[in-house]
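data_17.pdb follows; it contains PDB, C-alpha atoms and all ligand atoms.
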ATOM      1  CA  MET O   1      -9.595   5.602   9.909  1.00  0.00           C
ATOM      2  CA  LEU O   2      -6.224   4.454   8.635  1.00  0.00           C
ATOM      3  CA  SER O   3      -4.001   6.387  10.961  1.00  0.00           C
ATOM      4  CA  GLU O   4      -1.880   5.666  13.987  1.00  0.00           C
ATOM      5  CA  PRO O   5      -3.138   6.660  17.456  1.00  0.00           C
ATOM      6  CA  THR O   6      -2.662  10.355  18.231  1.00  0.00           C
ATOM      7  CA  ASN O   7       0.589  11.257  19.944  1.00  0.00           C
ATOM      8  CA  GLU O   8       2.739  14.273  20.495  1.00  0.00           C
ATOM      9  CA  GLY O   9       4.930  13.365  17.503  1.00  0.00           C
ATOM     10  CA  HIS O  10       2.110  14.282  15.151  1.00  0.00           C
ATOM     11  CA  ALA O  11       2.691  18.017  15.449  1.00  0.00           C
ATOM     12  CA  ALA O  12       6.376  17.586  14.601  1.00  0.00           C
ATOM     13  CA  LYS O  13       5.526  15.349  11.647  1.00  0.00           C
ATOM     14  CA  HIS O  14       2.977  17.873  10.426  1.00  0.00           C
ATOM     15  CA  ALA O  15       5.536  20.676  10.582  1.00  0.00           C
ATOM     16  CA  LEU O  16       8.157  18.633   8.696  1.00  0.00           C
ATOM     17  CA  MET O  17       5.687  17.687   5.971  1.00  0.00           C
ATOM     18  CA  GLN O  18       4.495  21.262   5.575  1.00  0.00           C
ATOM     19  CA  GLN O  19       8.100  22.361   5.240  1.00  0.00           C
ATOM     20  CA  LEU O  20       8.807  19.683   2.638  1.00  0.00           C
ATOM     21  CA  GLU O  21       5.724  20.614   0.630  1.00  0.00           C
ATOM     22  CA  ALA O  22       6.724  24.278   0.732  1.00  0.00           C
ATOM     23  CA  GLU O  23      10.189  23.355  -0.591  1.00  0.00           C
ATOM     24  CA  VAL O  24       8.654  21.404  -3.454  1.00  0.00           C
ATOM     25  CA  ARG O  25       6.439  24.330  -4.475  1.00  0.00           C
ATOM     26  CA  VAL O  26       9.468  26.522  -5.182  1.00  0.00           C
ATOM     27  CA  CYS O  27      11.896  23.799  -6.293  1.00  0.00           C
ATOM     28  CA  GLN O  28      14.127  24.481  -9.295  1.00  0.00           C
ATOM     29  CA  ARG O  29      16.236  21.328  -9.124  1.00  0.00           C
ATOM     30  CA  CYS O  30      15.348  20.039 -12.577  1.00  0.00           C
ATOM     31  CA  PRO O  31      14.080  21.422 -15.910  1.00  0.00           C
ATOM     32  CA  LEU O  32      10.485  20.367 -15.155  1.00  0.00           C
ATOM     33  CA  ALA O  33      10.260  23.519 -13.030  1.00  0.00           C
ATOM     34  CA  GLN O  34      10.364  25.666 -16.185  1.00  0.00           C
ATOM     35  CA  ASN O  35       7.033  24.605 -17.679  1.00  0.00           C
ATOM     36  CA  ARG O  36       4.976  23.793 -14.633  1.00  0.00           C
ATOM     37  CA  THR O  37       2.039  25.883 -13.500  1.00  0.00           C
ATOM     38  CA  LEU O  38       2.119  24.509  -9.966  1.00  0.00           C
ATOM     39  CA  ALA O  39       4.289  21.849  -8.389  1.00  0.00           C
ATOM     40  CA  VAL O  40       2.328  18.998  -6.813  1.00  0.00           C
ATOM     41  CA  PRO O  41       3.983  17.876  -3.573  1.00  0.00           C
ATOM     42  CA  GLY O  42       1.274  15.442  -2.472  1.00  0.00           C
ATOM     43  CA  GLU O  43      -1.663  15.518  -0.098  1.00  0.00           C
ATOM     44  CA  GLY O  44      -3.551  13.464   2.407  1.00  0.00           C
ATOM     45  CA  ASN O  45      -3.322  12.157   5.916  1.00  0.00           C
ATOM     46  CA  TYR O  46       0.209  12.446   7.325  1.00  0.00           C
ATOM     47  CA  GLN O  47      -0.622   9.771   9.895  1.00  0.00           C
ATOM     48  CA  SER O  48      -1.834   7.218   7.378  1.00  0.00           C
ATOM     49  CA  VAL O  49      -0.439   3.700   7.321  1.00  0.00           C
ATOM     50  CA  VAL O  50      -0.695   3.703   3.534  1.00  0.00           C
ATOM     51  CA  MET O  51       0.938   5.914   0.894  1.00  0.00           C
ATOM     52  CA  PHE O  52       0.141   5.890  -2.831  1.00  0.00           C
ATOM     53  CA  VAL O  53       2.924   6.866  -5.225  1.00  0.00           C
ATOM     54  CA  GLY O  54       2.053   7.673  -8.824  1.00  0.00           C
ATOM     55  CA  GLU O  55       4.194   8.849 -11.714  1.00  0.00           C
ATOM     56  CA  GLY O  56       3.816  12.625 -12.096  1.00  0.00           C
ATOM     57  CA  PRO O  57       1.196  15.361 -12.315  1.00  0.00           C
ATOM     58  CA  GLY O  58      -1.003  15.590 -15.405  1.00  0.00           C
ATOM     59  CA  PHE O  59      -2.847  18.567 -16.882  1.00  0.00           C
ATOM     60  CA  GLU O  60      -5.427  19.009 -14.104  1.00  0.00           C
ATOM     61  CA  GLU O  61      -2.923  18.337 -11.339  1.00  0.00           C
ATOM     62  CA  ASP O  62      -0.529  20.934 -12.766  1.00  0.00           C
ATOM     63  CA  ARG O  63      -3.326  23.527 -12.775  1.00  0.00           C
ATOM     64  CA  LYS O  64      -4.540  22.762  -9.271  1.00  0.00           C
ATOM     65  CA  GLY O  65      -1.319  21.775  -7.473  1.00  0.00           C
ATOM     66  CA  ARG O  66      -2.983  18.599  -6.191  1.00  0.00           C
ATOM     67  CA  PRO O  67      -2.303  14.952  -7.083  1.00  0.00           C
ATOM     68  CA  PHE O  68      -4.824  12.722  -8.859  1.00  0.00           C
ATOM     69  CA  VAL O  69      -7.601  15.252  -9.389  1.00  0.00           C
ATOM     70  CA  GLY O  70      -8.308  14.504 -13.063  1.00  0.00           C
ATOM     71  CA  ARG O  71     -10.012  11.497 -14.615  1.00  0.00           C
ATOM     72  CA  SER O  72      -7.433   9.086 -13.178  1.00  0.00           C
ATOM     73  CA  GLY O  73      -7.918  10.606  -9.752  1.00  0.00           C
ATOM     74  CA  LYS O  74     -11.690  10.142  -9.909  1.00  0.00           C
ATOM     75  CA  PHE O  75     -11.148   6.521 -10.881  1.00  0.00           C
ATOM     76  CA  LEU O  76      -8.699   5.977  -8.020  1.00  0.00           C
ATOM     77  CA  THR O  77     -11.043   7.638  -5.514  1.00  0.00           C
ATOM     78  CA  GLU O  78     -13.943   5.478  -6.714  1.00  0.00           C
ATOM     79  CA  MET O  79     -11.875   2.280  -6.538  1.00  0.00           C
ATOM     80  CA  LEU O  80     -10.769   3.142  -3.008  1.00  0.00           C
ATOM     81  CA  LYS O  81     -14.389   3.723  -2.007  1.00  0.00           C
ATOM     82  CA  ARG O  82     -15.364   0.333  -3.354  1.00  0.00           C
ATOM     83  CA  VAL O  83     -13.011  -1.344  -0.890  1.00  0.00           C
ATOM     84  CA  GLY O  84     -14.121   0.896   1.986  1.00  0.00           C
ATOM     85  CA  ILE O  85     -11.240   3.394   1.954  1.00  0.00           C
ATOM     86  CA  GLN O  86     -11.750   7.154   1.972  1.00  0.00           C
ATOM     87  CA  ARG O  87      -9.223   9.076  -0.090  1.00  0.00           C
ATOM     88  CA  GLU O  88      -8.733  11.596   2.742  1.00  0.00           C
ATOM     89  CA  ASP O  89      -7.437   8.794   4.938  1.00  0.00           C
ATOM     90  CA  VAL O  90      -4.414   8.008   2.749  1.00  0.00           C
ATOM     91  CA  TYR O  91      -1.436  10.040   1.538  1.00  0.00           C
ATOM     92  CA  ILE O  92      -0.956  10.417  -2.217  1.00  0.00           C
ATOM     93  CA  THR O  93       2.092  11.688  -4.057  1.00  0.00           C
ATOM     94  CA  ASN O  94       4.139  11.108  -7.214  1.00  0.00           C
ATOM     95  CA  VAL O  95       7.667  10.167  -8.236  1.00  0.00           C
ATOM     96  CA  VAL O  96       8.140  13.582  -9.879  1.00  0.00           C
ATOM     97  CA  LYS O  97       6.309  16.547  -8.456  1.00  0.00           C
ATOM     98  CA  CYS O  98       6.118  18.671 -11.617  1.00  0.00           C
ATOM     99  CA  ARG O  99       4.309  17.864 -14.857  1.00  0.00           C
ATOM    100  CA  PRO O 100       6.455  16.537 -17.694  1.00  0.00           C
ATOM    101  CA  PRO O 101       5.584  18.379 -20.941  1.00  0.00           C
ATOM    102  CA  GLU O 102       2.739  16.751 -22.892  1.00  0.00           C
ATOM    103  CA  ASN O 103       2.539  14.109 -20.168  1.00  0.00           C
ATOM    104  CA  ARG O 104       5.663  12.369 -21.459  1.00  0.00           C
ATOM    105  CA  ASP O 105       7.460   9.871 -19.234  1.00  0.00           C
ATOM    106  CA  PRO O 106       9.734  11.504 -16.680  1.00  0.00           C
ATOM    107  CA  LEU O 107      13.411  11.271 -17.655  1.00  0.00           C
ATOM    108  CA  PRO O 108      15.825   9.362 -15.425  1.00  0.00           C
ATOM    109  CA  GLN O 109      17.603  12.564 -14.419  1.00  0.00           C
ATOM    110  CA  GLU O 110      14.262  14.152 -13.453  1.00  0.00           C
ATOM    111  CA  VAL O 111      13.306  11.128 -11.349  1.00  0.00           C
ATOM    112  CA  GLU O 112      16.736  11.276  -9.716  1.00  0.00           C
ATOM    113  CA  ALA O 113      16.518  15.015  -9.047  1.00  0.00           C
ATOM    114  CA  CYS O 114      13.133  14.593  -7.357  1.00  0.00           C
ATOM    115  CA  SER O 115      13.974  11.390  -5.520  1.00  0.00           C
ATOM    116  CA  ASP O 116      14.997  13.000  -2.244  1.00  0.00           C
ATOM    117  CA  TYR O 117      11.528  14.488  -1.737  1.00  0.00           C
ATOM    118  CA  LEU O 118       9.921  11.058  -1.984  1.00  0.00           C
ATOM    119  CA  THR O 119      12.537   9.567   0.322  1.00  0.00           C
ATOM    120  CA  ARG O 120      11.740  12.223   2.911  1.00  0.00           C
ATOM    121  CA  GLN O 121       7.981  11.763   2.508  1.00  0.00           C
ATOM    122  CA  VAL O 122       8.360   8.049   3.161  1.00  0.00           C
ATOM    123  CA  GLU O 123      10.621   8.667   6.154  1.00  0.00           C
ATOM    124  CA  GLN O 124       8.338  11.251   7.699  1.00  0.00           C
ATOM    125  CA  ILE O 125       4.984   9.609   7.080  1.00  0.00           C
ATOM    126  CA  ASN O 126       6.498   6.209   7.803  1.00  0.00           C
ATOM    127  CA  PRO O 127       3.736   4.206   6.106  1.00  0.00           C
ATOM    128  CA  ARG O 128       3.462   0.474   6.640  1.00  0.00           C
ATOM    129  CA  ILE O 129       2.202   0.073   3.065  1.00  0.00           C
ATOM    130  CA  ILE O 130       3.371   1.789  -0.120  1.00  0.00           C
ATOM    131  CA  VAL O 131       1.129   1.319  -3.140  1.00  0.00           C
ATOM    132  CA  THR O 132       3.004   1.930  -6.371  1.00  0.00           C
ATOM    133  CA  LEU O 133       0.828   3.182  -9.222  1.00  0.00           C
ATOM    134  CA  GLY O 134       2.497   2.536 -12.551  1.00  0.00           C
ATOM    135  CA  ARG O 135       5.958   1.607 -13.790  1.00  0.00           C
ATOM    136  CA  PHE O 136       7.964   4.533 -12.454  1.00  0.00           C
ATOM    137  CA  SER O 137       7.093   4.228  -8.798  1.00  0.00           C
ATOM    138  CA  MET O 138       7.074   0.423  -9.049  1.00  0.00           C
ATOM    139  CA  ARG O 139      10.707   0.492 -10.205  1.00  0.00           C
ATOM    140  CA  ARG O 140      11.780   2.190  -6.988  1.00  0.00           C
ATOM    141  CA  TRP O 141      10.724  -0.778  -4.859  1.00  0.00           C
ATOM    142  CA  PHE O 142      10.553  -3.562  -7.442  1.00  0.00           C
ATOM    143  CA  PRO O 143      13.899  -3.236  -9.229  1.00  0.00           C
ATOM    144  CA  THR O 144      13.265  -5.863 -11.894  1.00  0.00           C
ATOM    145  CA  GLY O 145      10.281  -7.251 -13.778  1.00  0.00           C
ATOM    146  CA  SER O 146       7.481  -5.699 -15.806  1.00  0.00           C
ATOM    147  CA  ILE O 147       4.288  -4.290 -14.381  1.00  0.00           C
ATOM    148  CA  THR O 148       2.227  -6.887 -16.215  1.00  0.00           C
ATOM    149  CA  GLN O 149       4.174  -9.546 -14.272  1.00  0.00           C
ATOM    150  CA  LEU O 150       4.373  -7.741 -10.934  1.00  0.00           C
ATOM    151  CA  HIS O 151       1.019  -6.009 -10.445  1.00  0.00           C
ATOM    152  CA  GLY O 152      -0.833  -7.402  -7.467  1.00  0.00           C
ATOM    153  CA  GLN O 153       2.363  -8.522  -5.740  1.00  0.00           C
ATOM    154  CA  VAL O 154       3.087  -7.493  -2.180  1.00  0.00           C
ATOM    155  CA  ARG O 155       6.740  -7.321  -1.151  1.00  0.00           C
ATOM    156  CA  ASN O 156       8.601  -6.797   2.041  1.00  0.00           C
ATOM    157  CA  ILE O 157      10.739  -3.701   1.475  1.00  0.00           C
ATOM    158  CA  GLY O 158      12.278  -3.547   4.929  1.00  0.00           C
ATOM    159  CA  ARG O 159      11.656  -1.358   7.981  1.00  0.00           C
ATOM    160  CA  GLY O 160       8.362  -3.112   8.661  1.00  0.00           C
ATOM    161  CA  ARG O 161       7.010  -1.952   5.324  1.00  0.00           C
ATOM    162  CA  VAL O 162       5.483  -3.644   2.313  1.00  0.00           C
ATOM    163  CA  ALA O 163       4.972  -2.418  -1.232  1.00  0.00           C
ATOM    164  CA  LEU O 164       1.972  -3.352  -3.360  1.00  0.00           C
ATOM    165  CA  ALA O 165       2.462  -2.957  -7.127  1.00  0.00           C
ATOM    166  CA  MET O 166      -0.528  -1.768  -9.137  1.00  0.00           C
ATOM    167  CA  PHE O 167      -1.208  -0.414 -12.591  1.00  0.00           C
ATOM    168  CA  HIS O 168      -1.437   3.343 -12.929  1.00  0.00           C
ATOM    169  CA  PRO O 169      -5.107   4.419 -12.939  1.00  0.00           C
ATOM    170  CA  ALA O 170      -4.585   6.117 -16.334  1.00  0.00           C
ATOM    171  CA  ALA O 171      -3.364   2.816 -17.788  1.00  0.00           C
ATOM    172  CA  ALA O 172      -6.326   1.024 -16.221  1.00  0.00           C
ATOM    173  CA  LEU O 173      -8.672   3.502 -17.872  1.00  0.00           C
ATOM    174  CA  ARG O 174      -7.067   2.844 -21.276  1.00  0.00           C
ATOM    175  CA  ASN O 175      -7.246  -0.933 -21.144  1.00  0.00           C
ATOM    176  CA  PRO O 176     -10.300  -2.909 -19.906  1.00  0.00           C
ATOM    177  CA  GLN O 177      -8.146  -5.881 -18.908  1.00  0.00           C
ATOM    178  CA  TRP O 178      -5.872  -3.688 -16.802  1.00  0.00           C
ATOM    179  CA  GLU O 179      -8.927  -2.004 -15.300  1.00  0.00           C
ATOM    180  CA  ALA O 180     -10.173  -5.419 -14.216  1.00  0.00           C
ATOM    181  CA  GLU O 181      -6.717  -6.225 -12.791  1.00  0.00           C
ATOM    182  CA  PHE O 182      -6.643  -2.901 -10.949  1.00  0.00           C
ATOM    183  CA  SER O 183     -10.022  -3.619  -9.432  1.00  0.00           C
ATOM    184  CA  LYS O 184      -8.821  -7.053  -8.341  1.00  0.00           C
ATOM    185  CA  ASP O 185      -5.417  -5.938  -7.023  1.00  0.00           C
ATOM    186  CA  ILE O 186      -6.835  -3.197  -4.809  1.00  0.00           C
ATOM    187  CA  GLN O 187      -8.931  -5.725  -2.932  1.00  0.00           C
ATOM    188  CA  VAL O 188      -5.885  -6.837  -0.942  1.00  0.00           C
ATOM    189  CA  LEU O 189      -5.544  -3.381   0.571  1.00  0.00           C
ATOM    190  CA  PRO O 190      -8.139  -3.550   3.395  1.00  0.00           C
ATOM    191  CA  LYS O 191      -6.499  -6.711   4.710  1.00  0.00           C
ATOM    192  CA  LEU O 192      -3.035  -5.178   4.565  1.00  0.00           C
ATOM    193  CA  ILE O 193      -4.294  -2.042   6.283  1.00  0.00           C
ATOM    194  CA  ALA O 194      -5.935  -4.039   9.067  1.00  0.00           C
ATOM    195  CA  ARG O 195      -2.652  -5.862   9.658  1.00  0.00           C
ATOM    196  CA  ALA O 196      -0.703  -2.616   9.626  1.00  0.00           C
ATOM    197  CA  ILE O 197      -3.034  -0.964  12.143  1.00  0.00           C
ATOM    198  CA  ASN O 198      -2.830  -4.022  14.404  1.00  0.00           C
ATOM    199  CA  ALA O 199       0.964  -3.986  14.094  1.00  0.00           C
ATOM    200  CA  ASN O 200       1.119  -0.319  15.095  1.00  0.00           C
ATOM    201  CA  ALA O 201      -1.272  -0.844  18.007  1.00  0.00           C
ATOM    202  CA  ALA O 202       0.760  -3.813  19.261  1.00  0.00           C
ATOM    203  CA  ALA O 203       3.979  -1.825  18.930  1.00  0.00           C
ATOM    204  CA  ALA O 204       2.408   1.070  20.856  1.00  0.00           C
ATOM    205  CA  ARG O 205       1.520  -1.367  23.663  1.00  0.00           C
ATOM    206  CA  GLY O 206       5.086  -2.680  23.611  1.00  0.00           C
ATOM    207  CA  GLU O 207       3.925  -6.110  22.509  1.00  0.00           C
ATOM    208  CA  ALA O 208       5.843  -8.405  20.216  1.00  0.00           C
ATOM    209  CA  LEU O 209       4.053  -9.566  17.104  1.00  0.00           C
ATOM    210  CA  PRO O 210       3.760 -13.217  16.213  1.00  0.00           C
ATOM    211  CA  ALA O 211       6.429 -14.423  13.829  1.00  0.00           C
ATOM    212  CA  GLY O 212       5.422 -16.212  10.673  1.00  0.00           C
ATOM    213  CA  ALA O 213       4.246 -15.077   7.283  1.00  0.00           C
ATOM    214  CA  PRO O 214       5.513 -11.556   6.634  1.00  0.00           C
ATOM    215  CA  HIS O 215       3.034  -8.748   7.009  1.00  0.00           C
ATOM    216  CA  PRO O 216       3.383  -5.024   7.658  1.00  0.00           C
ATOM    217  CA  GLY O 217       5.013  -4.668  11.041  1.00  0.00           C
ATOM    218  CA  ASP O 218       6.246  -8.232  11.294  1.00  0.00           C
ATOM    219  CA  PRO O 219       9.232  -8.343  13.659  1.00  0.00           C
ATOM    220  CA  ASP O 220      10.955 -10.793  11.352  1.00  0.00           C
ATOM    221  CA  TYR O 221      11.478  -8.060   8.788  1.00  0.00           C
ATOM    222  CA  GLN O 222      15.106  -7.211   8.338  1.00  0.00           C
ATOM    223  CA  PRO O 223      15.617  -3.490   8.872  1.00  0.00           C
ATOM    224  CA  ASP O 224      16.924  -1.711   5.827  1.00  0.00           C
ATOM    225  CA  THR O 225      19.635   0.634   7.009  1.00  0.00           C
ATOM    226  CA  ASN O 226      20.916   1.872   3.662  1.00  0.00           C
ATOM    227  CA  SER O 227      18.100   2.777   1.334  1.00  0.00           C
ATOM    228  CA  SER O 228      14.408   2.475   0.719  1.00  0.00           C
ATOM    229  CA  VAL O 229      15.046  -0.607  -1.417  1.00  0.00           C
ATOM    230  CA  SER O 230      15.951  -3.497   0.819  1.00  0.00           C
ATOM    231  CA  SER O 231      18.176  -6.409   0.003  1.00  0.00           C
ATOM    232  CA  SER O 232      15.760  -8.411   2.136  1.00  0.00           C
ATOM    233  CA  GLN O 233      12.931  -7.970  -0.342  1.00  0.00           C
ATOM    234  CA  SER O 234      10.712 -10.972  -0.595  1.00  0.00           C
ATOM    235  CA  GLU O 235       7.400 -11.687  -2.210  1.00  0.00           C
ATOM    236  CA  PHE O 236       4.503 -13.192  -0.378  1.00  0.00           C
ATOM    237  CA  ARG O 237       0.841 -13.814  -0.703  1.00  0.00           C
ATOM    238  CA  ILE O 238      -1.922 -12.397   1.446  1.00  0.00           C
ATOM    239  CA  ASP O 239      -4.304 -15.078   2.615  1.00  0.00           C
TER     240      ASP O 239
HETATM  241  S1  LIG E 301      10.156  17.635 -10.620  1.00  0.00           S
HETATM  242 FE1  LIG E 301      10.941  17.570  -8.526  1.00  0.00          FE
HETATM  243  S2  LIG E 301      13.123  18.088  -8.711  1.00  0.00           S
HETATM  244 FE2  LIG E 301      12.127  18.746 -10.613  1.00  0.00          FE
HETATM  245  S3  LIG E 301      11.615  20.901 -10.238  1.00  0.00           S
HETATM  246 FE3  LIG E 301       9.800  19.672  -9.700  1.00  0.00          FE
HETATM  247  S4  LIG E 301      10.002  19.318  -7.493  1.00  0.00           S
HETATM  248 FE4  LIG E 301      12.008  19.984  -8.240  1.00  0.00          FE
END

Give the structure from the file, written as C-alpha cells.
Ligand code: SF4
Amino acid sequence: MLSEPTNEGHAAKHALMQQLEAEVRVCQRCPLAQNRTLAVPGEGNYQSVVMFVGEGPGFEEDRKGRPFVGRSGKFLTEMLKRVGIQREDVYITNVVKCRPPENRDPLPQEVEACSDYLTRQVEQINPRIIVTLGRFSMRRWFPTGSITQLHGQVRNIGRGRVALAMFHPAAALRNPQWEAEFSKDIQVLPKLIARAINANAAAARGEALPAGAPHPGDPDYQPDTNSSVSSSQSEFRID
C-alpha cells in the first residue's frame, strides 16, 4: 500500500479530485477538445505517494477515457508488478488530457493550456515522488537535458518531492535498449517509495527526519514557493 495513513482530509481531497476530473471531461480550453472521443483526466489512488505523468492519451485511452490502457499501459502495469507495485496503488495522468490527432506530439500551446490541471493534481495529491514518462513530462521538472542523458535520475524538485525521469513506455516498446533502461530505472522506485512512506509517517508523528542525503520528505529540502519547478533542484543518487 503506497498511501498515507487515513485521515479526515481524504474526503476533501477526494471531492477536489473528482471536481477536477469532471472539469477536464468537459474542457474546451484548447483545440484538442475538438477531435477527442473522451478526455482522460487520470486515475488511481488519490492518497498515493507516487504519481506517474505521461505525455497524452493514445487511441485506446481516447476511446476509454482512462490513461495507459493500451499496449504501453500493459507494459507499464507489468513493469510495476515486477518491482512489487500494484497499478491501483499509484496515480497516473498525462501532460495533456486529450489525444493529439494521429498521436502527434502535443504543441507547446496545448501543453500550456492543460498545465493548470496537472499543477492542481500535483497540489491535491501531494505526491512525494513524481515519475515522468517521456520527454514532455520530463521537461516540466527537468528543464534542460535530453531524456537519453536524464533517464534514471532522481531530482529534488522542492516541497519534499523528488522527480524520477524515465522513458515513455511506448518508446521503451519501440527500442530494446530503452526497454532495458526502463526496466533498470524503475527498480529505484520501491526504495524511493519506502523512504517517502517513512517520511510521511515521521511527519505524522511530529518527528524530525535525519538530515543528510536528500530523499523524499527530507527536511533539508528548500520549499518551492513559486512553481512546481524549484530553483533548488539537485540531482542525487539512491544508494
Ligand atoms: S488537452 Fe487539456 S486544455 Fe486541451 S481541451 Fe483537453 S483538457 Fe482542455

Residues selected by the PyMOL selection byres (((not hetatm)) within 7 of (chain E and resi 301)), written as a list in words
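Written out, the selection comes to Val24, Arg25, Cys27, Gln28, Arg29, Cys30, Pro31, Leu32, Ala33, Ala39, Val96, Lys97, Cys98, Glu110, Ala113 and Cys114 of chain O.
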
Once the PyMOL selection byres (((chain O and resi 54) around 7) and not hetatm) has been evaluated on this model, what residues remain selected, and can you format them as a VMD selection string?
chain O and resid 52 to 53 55 to 56 93 to 95 132 to 134 137 168

Of the residues O:Val154, O:Val50, O:Leu76, O:Ala194, which is the one nearest to O:Ile130, using only C-alpha atoms?
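Using only C-alpha atoms, the shortest distance to O:Ile130 belongs to O:Val50.
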
Record the distance separating atom CA of O:Arg63 and atom CA of O:Thr37, expressed in Å with one decimal.
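Computing the Euclidean distance for atom CA of O:Arg63 and atom CA of O:Thr37 yields 5.9 Å.
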
Shortest interatomic distance to O:Val49 - which of O:Pro176, O:Pro190, O:Pro127, O:Gly158, counting only C-alpha atoms
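Selected residue with least distance to O:Val49: O:Pro127.
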
For this structure, which residues satisfy the selection - the PyMOL selection byres (((chain O and resi 21) around 10) and not hetatm) - when it is evaluated on the file as given? I want them as a list in words.
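For this structure, the PyMOL selection byres (((chain O and resi 21) around 10) and not hetatm) resolves to Ala15, Leu16, Met17, Gln18, Gln19, Leu20, Ala22, Glu23, Val24, Arg25, Val26, Cys27, Ala39, Val40, Pro41, Gly42, Glu43, Lys97, Tyr117 and Gln121 of chain O.
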
Between O:Leu150, O:Ile129, O:Leu38, O:Val69, single out the one closest to O:Ile197, counting all atoms listed in the file.
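Between O:Leu150, O:Ile129, O:Leu38, O:Val69, the residue approaching O:Ile197 most closely is O:Ile129.
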
What's the separation between atom CA of O:Phe59 and atom CA of O:Leu189, in Å to one decimal place?
28.2 Å

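Pairwise distance (atom CA of O:Thr148, atom CA of O:Glu181) equals 9.6 Å.
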
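The shortest atom-to-atom distance to O:Asp105, with all atoms listed in the file taken into account, belongs to O:Pro57 out of O:Ile193, O:Arg71, O:Met138, O:Pro57.
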
Out of O:Arg161, O:Arg36, O:Arg135, O:Lys13, which residue has the shortest atom-to-atom distance to O:Pro101 when counting all atoms listed in the file?
O:Arg36

Return the single residue from O:Ala170, O:Asn35, O:Gln153, O:Gln124 that is closest to O:Gly70, with distances computed using only C-alpha atoms.
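Once distances to O:Gly70 are computed over only C-alpha atoms, the minimum belongs to O:Ala170.
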
Hey, what's within 10 Å of O:Phe75 if we count only C-alpha atoms and toss same-chain stuff fewer than 6 positions away? As a PyMOL selection string, please?
chain O and resi 68-69+81+169-170+172-173+179

Create the file for the chosen residues now, containing C-alpha atoms and written as a short mmCIF file (atom, residue, chain, number, x, y, z; two decimals), in the coordinates of the input.
data_model
loop_
_atom_site.label_atom_id
_atom_site.label_comp_id
_atom_site.auth_asym_id
_atom_site.auth_seq_id
_atom_site.Cartn_x
_atom_site.Cartn_y
_atom_site.Cartn_z
CA PHE O 68 -4.82 12.72 -8.86
CA VAL O 69 -7.60 15.25 -9.39
CA LYS O 81 -14.39 3.72 -2.01
CA PRO O 169 -5.11 4.42 -12.94
CA ALA O 170 -4.58 6.12 -16.33
CA ALA O 172 -6.33 1.02 -16.22
CA LEU O 173 -8.67 3.50 -17.87
CA GLU O 179 -8.93 -2.00 -15.30
#

Please identify all polymer residues within 8 Å of O:Gly58, counting all atoms listed in the file, omitting same-chain residues fewer than 6 positions from it, and present them as a list in words.
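After dropping sequence-adjacent residues, the list is Gly70, Arg99, Pro100 and Asn103 of chain O.
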
Residues at most 12 Å from O:Ala180, counting only C-alpha atoms, excluding those fewer than 3 positions away in the same chain, as a PyMOL selection string?
chain O and resi 79+151-152+166-167+169+171-177+183-187

Missing atoms in stretch 67-79 of chain O should be modelled up to N, CA and C atoms and reported as a PDB file, in the coordinates of the input.
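Wrote it out as result_21.pdb, contents follow:
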ATOM      1  N   PRO O  67      -2.486  16.203  -6.348  1.00  0.00           N
ATOM      2  CA  PRO O  67      -2.303  14.952  -7.083  1.00  0.00           C
ATOM      3  C   PRO O  67      -3.634  14.258  -7.389  1.00  0.00           C
ATOM      4  N   PHE O  68      -3.689  13.587  -8.508  1.00  0.00           N
ATOM      5  CA  PHE O  68      -4.824  12.722  -8.859  1.00  0.00           C
ATOM      6  C   PHE O  68      -6.176  13.430  -8.698  1.00  0.00           C
ATOM      7  N   VAL O  69      -6.320  14.539  -9.418  1.00  0.00           N
ATOM      8  CA  VAL O  69      -7.601  15.252  -9.389  1.00  0.00           C
ATOM      9  C   VAL O  69      -8.301  15.224 -10.744  1.00  0.00           C
ATOM     10  N   GLY O  70      -7.674  14.628 -11.758  1.00  0.00           N
ATOM     11  CA  GLY O  70      -8.308  14.504 -13.063  1.00  0.00           C
ATOM     12  C   GLY O  70      -9.098  13.206 -13.158  1.00  0.00           C
ATOM     13  N   ARG O  71      -9.212  12.710 -14.376  1.00  0.00           N
ATOM     14  CA  ARG O  71     -10.012  11.497 -14.615  1.00  0.00           C
ATOM     15  C   ARG O  71      -9.419  10.302 -13.866  1.00  0.00           C
ATOM     16  N   SER O  72      -8.093  10.182 -13.897  1.00  0.00           N
ATOM     17  CA  SER O  72      -7.433   9.086 -13.178  1.00  0.00           C
ATOM     18  C   SER O  72      -7.700   9.167 -11.683  1.00  0.00           C
ATOM     19  N   GLY O  73      -7.687  10.410 -11.182  1.00  0.00           N
ATOM     20  CA  GLY O  73      -7.918  10.606  -9.752  1.00  0.00           C
ATOM     21  C   GLY O  73      -9.325  10.197  -9.347  1.00  0.00           C
ATOM     22  N   LYS O  74     -10.296  10.535 -10.206  1.00  0.00           N
ATOM     23  CA  LYS O  74     -11.690  10.142  -9.909  1.00  0.00           C
ATOM     24  C   LYS O  74     -11.801   8.615  -9.876  1.00  0.00           C
ATOM     25  N   PHE O  75     -11.133   7.994 -10.828  1.00  0.00           N
ATOM     26  CA  PHE O  75     -11.148   6.521 -10.881  1.00  0.00           C
ATOM     27  C   PHE O  75     -10.518   5.936  -9.605  1.00  0.00           C
ATOM     28  N   LEU O  76      -9.372   6.476  -9.229  1.00  0.00           N
ATOM     29  CA  LEU O  76      -8.699   5.977  -8.020  1.00  0.00           C
ATOM     30  C   LEU O  76      -9.584   6.171  -6.786  1.00  0.00           C
ATOM     31  N   THR O  77     -10.177   7.352  -6.668  1.00  0.00           N
ATOM     32  CA  THR O  77     -11.043   7.638  -5.514  1.00  0.00           C
ATOM     33  C   THR O  77     -12.220   6.669  -5.471  1.00  0.00           C
ATOM     34  N   GLU O  78     -12.806   6.392  -6.637  1.00  0.00           N
ATOM     35  CA  GLU O  78     -13.943   5.478  -6.714  1.00  0.00           C
ATOM     36  C   GLU O  78     -13.521   4.053  -6.343  1.00  0.00           C
ATOM     37  N   MET O  79     -12.351   3.637  -6.837  1.00  0.00           N
ATOM     38  CA  MET O  79     -11.875   2.280  -6.538  1.00  0.00           C
ATOM     39  C   MET O  79     -11.573   2.125  -5.045  1.00  0.00           C
TER      40      MET O  79
END
